[in-house]
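Right, one structure below, let's go through it.
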Amino acid sequence: MSESRVDRIAVTGSTGAVGGRVARQLADAGAPQLLLARTPAKAPQLPGCVVAPFSYADRAASTAALRGVRTLFMVSASESETRLDEHRAFIDAAADAGVEHVVYTSFFGASPDSTFTLARDHFATEEHLKASGMAWTFLRDNFYMDVMPMFVGDDGVLRGPAGDGRVSIVSRADVAAVASSVLLAPDAHQGATYDLTGPEALSAAEIADAIALASGTAVTFHDETLEEAYESRAKWGAPPWQNDAWVSTYTAIASGELSRVSVDVERVTGRAPVSFAEYLAGR
């Protein structure tokens, strides 16, 4: 391994919304980086950055790429039936390579019995990291407010079995700001679990109303039954695990598990997180 990679911060997900923001913020701060990308040509061209190919499931390639790296920002892999296995392989590769500290994007309230099915995989990933011997920091993001407008159908209806439950949605920009702060001073955050939320908990009906107000179009919320939720999503022909994830996005809101508002964004960054209305106004 060349000397150029020593002491670099390794960043996964640099071609995505959160990882890309983190990579740019670290570059602005003058931090040297190793950007790990499945398609290196798509990685951002930033000063002080080296780009290397990798995949979460390819343990040998990941180990080779990570040698000499002290701190790793691990954005969770793309949703798939094998994501947990990929996470475990990548964590093992990082440990083999001598990585000392992993900062991982987990999910709010991750537990083995979370209503949101994918949160269970995040919890299992956290447990694997804890057992790896490496230091860790968990960024437990709630659902991203950025994607809420995308959940509205072509008919102007946000639909799902969310009931009157509330969710403290957070912006990707605030998550990236926390991640960058942690990565620039990782020793101060070893063993910390940060719950990343916006400043308020909104119902699905209030989310629909906010989108309608910001867009100037009619948007309403329809509280589906479980049967309706699975039926309305059947047209996409997704596998059962994916349908369960989609539907449990809303049942998790209904359960109340995602309603708590945290101050961790402000605690780490020194500034309050943006509200959904502020996010929509600034899009």
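Following the order of the structure tokens, chains are lettered A, B, ..., residues in each are numbered from 1, and ligands are numbered from 1.
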
Pull the closest atom pair for each residue of segment 104-143 of chain A that gets at most 7 Å from segment 177-196 of chain A, along with the distance in Å to one decimal, counting only C-alpha atoms, ordering rows by chain and then ascending residue number, as a Markdown table.
```
| residue | atom | partner | partner_atom | distance |
| --- | --- | --- | --- | --- |
| A:Phe108 | CA | A:Asp195 | CA | 6.0 |
| A:Ala135 | CA | A:Gln190 | CA | 6.0 |
| A:Trp136 | CA | A:Gly191 | CA | 5.5 |
| A:Thr137 | CA | A:Ala192 | CA | 5.1 |
| A:Phe138 | CA | A:Thr193 | CA | 4.7 |
| A:Leu139 | CA | A:Tyr194 | CA | 5.1 |
| A:Arg140 | CA | A:Asp195 | CA | 4.8 |
| A:Asp141 | CA | A:Leu196 | CA | 4.7 |
| A:Asn142 | CA | A:Leu196 | CA | 6.2 |
```

Could you write out that same residue set with N, CA, C and O atoms as a short mmCIF file (atom, residue, chain, number, x, y, z; two decimals), in the first residue's frame?
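Just written: selection.cif:
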```cif
data_model
loop_
_atom_site.label_atom_id
_atom_site.label_comp_id
_atom_site.auth_asym_id
_atom_site.auth_seq_id
_atom_site.Cartn_x
_atom_site.Cartn_y
_atom_site.Cartn_z
N PHE A 108 -32.82 4.90 13.27
CA PHE A 108 -33.41 5.35 14.52
C PHE A 108 -34.12 4.20 15.24
O PHE A 108 -35.00 3.55 14.68
N ALA A 135 -13.22 0.45 17.15
CA ALA A 135 -14.06 1.47 17.77
C ALA A 135 -15.19 1.80 16.81
O ALA A 135 -15.08 1.62 15.59
N TRP A 136 -16.28 2.31 17.35
CA TRP A 136 -17.45 2.59 16.51
C TRP A 136 -18.19 3.82 16.99
O TRP A 136 -18.12 4.21 18.15
N THR A 137 -18.92 4.41 16.03
CA THR A 137 -19.90 5.46 16.31
C THR A 137 -21.10 5.18 15.43
O THR A 137 -20.94 4.95 14.22
N PHE A 138 -22.30 5.17 16.01
CA PHE A 138 -23.51 4.89 15.25
C PHE A 138 -24.33 6.16 15.06
O PHE A 138 -24.63 6.86 16.02
N LEU A 139 -24.65 6.44 13.82
CA LEU A 139 -25.53 7.55 13.48
C LEU A 139 -26.89 6.96 13.14
O LEU A 139 -27.09 6.46 12.03
N ARG A 140 -27.79 7.01 14.09
CA ARG A 140 -29.11 6.40 13.90
C ARG A 140 -30.08 7.42 13.31
O ARG A 140 -30.76 8.15 14.02
N ASP A 141 -30.14 7.45 11.98
CA ASP A 141 -30.97 8.42 11.26
C ASP A 141 -32.44 7.98 11.27
O ASP A 141 -32.74 6.81 11.05
N ASN A 142 -33.33 8.91 11.48
CA ASN A 142 -34.74 8.63 11.24
C ASN A 142 -34.98 8.71 9.73
O ASN A 142 -34.05 8.97 8.95
#
```

Review point. Quick one: residues within 10 Å of Asp58 of chain A, only C-alpha atoms counted, chain neighbours fewer than 6 positions away excluded, as a ChimeraX atom specification?
Key: /A:86,89-90,93

Check your understanding: Near segment 225-228 of chain A, within 8 Å and counting only C-alpha atoms, which residues show up once chain neighbours fewer than 4 positions away are dropped, as a ChimeraX atom specification?
Key -> /A:160-161,232,247

Excluding Ala124 of chain A and its own-chain neighbours fewer than 6 positions away, which residues fall within 12 Å of it when counting only C-alpha atoms? Please give them as a CSV table (one decimal) with N, CA, C and O atoms, in the first residue's frame.
```csv
chain,number,residue,atom,x,y,z
A,83,ARG,N,-28.1,-7.7,2.2
A,83,ARG,CA,-27.4,-6.5,2.7
A,83,ARG,C,-26.7,-6.8,4.0
A,83,ARG,O,-25.6,-6.4,4.2
A,84,LEU,N,-27.3,-7.5,4.9
A,84,LEU,CA,-26.7,-7.8,6.2
A,84,LEU,C,-25.4,-8.6,6.0
A,84,LEU,O,-24.4,-8.4,6.6
A,85,ASP,N,-25.5,-9.6,5.1
A,85,ASP,CA,-24.3,-10.4,4.8
A,85,ASP,C,-23.2,-9.5,4.2
A,85,ASP,O,-22.0,-9.7,4.5
A,86,GLU,N,-23.6,-8.6,3.4
A,86,GLU,CA,-22.6,-7.7,2.8
A,86,GLU,C,-21.9,-6.8,3.8
A,86,GLU,O,-20.7,-6.6,3.8
A,87,HIS,N,-22.8,-6.3,4.7
A,87,HIS,CA,-22.3,-5.5,5.8
A,87,HIS,C,-21.2,-6.2,6.7
A,87,HIS,O,-20.2,-5.7,7.0
A,88,ARG,N,-21.6,-7.5,7.0
A,88,ARG,CA,-20.7,-8.3,7.8
A,88,ARG,C,-19.4,-8.5,7.1
A,88,ARG,O,-18.3,-8.4,7.7
A,91,ILE,N,-17.3,-5.3,7.2
A,91,ILE,CA,-16.8,-5.0,8.5
A,91,ILE,C,-15.6,-5.9,8.8
A,91,ILE,O,-14.6,-5.5,9.4
A,106,SER,N,-26.8,4.0,10.8
A,106,SER,CA,-27.8,3.0,11.2
A,106,SER,C,-29.2,3.6,11.1
A,106,SER,O,-29.4,4.6,10.3
A,107,PHE,N,-30.1,3.1,11.8
A,107,PHE,CA,-31.5,3.6,11.8
A,107,PHE,C,-32.0,3.9,13.2
A,107,PHE,O,-31.7,3.2,14.1
A,110,ALA,N,-33.0,1.3,16.1
A,110,ALA,CA,-32.7,0.0,15.6
A,110,ALA,C,-32.7,-1.1,16.7
A,110,ALA,O,-32.1,-0.8,17.8
A,111,SER,N,-33.4,-2.2,16.5
A,111,SER,CA,-33.5,-3.2,17.5
A,111,SER,C,-33.8,-4.5,16.8
A,111,SER,O,-34.2,-4.5,15.6
A,112,PRO,N,-33.7,-5.7,17.5
A,112,PRO,CA,-34.0,-6.9,16.8
A,112,PRO,C,-35.5,-7.1,16.5
A,112,PRO,O,-35.8,-8.0,15.7
A,113,ASP,N,-36.3,-6.3,17.2
A,113,ASP,CA,-37.8,-6.4,16.9
A,113,ASP,C,-38.4,-5.1,16.5
A,113,ASP,O,-39.6,-4.9,16.7
A,114,SER,N,-37.6,-4.3,15.8
A,114,SER,CA,-38.1,-3.0,15.3
A,114,SER,C,-39.3,-3.3,14.3
A,114,SER,O,-39.3,-4.3,13.6
A,117,THR,N,-38.8,-3.3,9.2
A,117,THR,CA,-38.0,-4.5,9.0
A,117,THR,C,-36.6,-4.3,8.8
A,117,THR,O,-35.7,-5.0,9.3
A,118,LEU,N,-36.2,-3.2,8.0
A,118,LEU,CA,-34.8,-3.0,7.7
A,118,LEU,C,-34.0,-2.5,8.9
A,118,LEU,O,-32.8,-2.7,8.9
A,130,LYS,N,-19.7,-4.0,17.0
A,130,LYS,CA,-19.3,-4.0,18.4
A,130,LYS,C,-18.4,-5.2,18.7
A,130,LYS,O,-17.5,-5.1,19.5
A,131,ALA,N,-18.6,-6.3,18.0
A,131,ALA,CA,-17.8,-7.5,18.2
A,131,ALA,C,-16.6,-7.6,17.4
A,131,ALA,O,-15.7,-8.5,17.5
```

Exercise for review: Compile the contact shell of segment 237-244 of chain A as a ChimeraX atom specification: residues with an atom at most 10 Å away, counting only C-alpha atoms, same-chain residues fewer than 6 positions apart removed.
Suggested key: /A:79-81,116-118,229-231

Find the residues near Met134 of chain A: any atom within 6 Å, counting only C-alpha atoms, skip ones fewer than 2 places away on the same chain, and give them as a CSV table (one decimal) with N, CA, C and O atoms, in the first residue's frame.
```csv
chain,number,residue,atom,x,y,z
A,100,GLU,N,-9.3,1.4,12.5
A,100,GLU,CA,-9.4,1.5,14.0
A,100,GLU,C,-10.8,1.9,14.4
A,100,GLU,O,-11.3,1.6,15.5
A,101,HIS,N,-11.5,2.7,13.5
A,101,HIS,CA,-12.8,3.3,14.0
A,101,HIS,C,-13.7,3.4,12.8
A,101,HIS,O,-13.4,3.8,11.7
A,132,SER,N,-16.3,-6.5,16.5
A,132,SER,CA,-15.2,-6.6,15.6
A,132,SER,C,-13.9,-6.2,16.2
A,132,SER,O,-12.8,-6.5,15.6
```
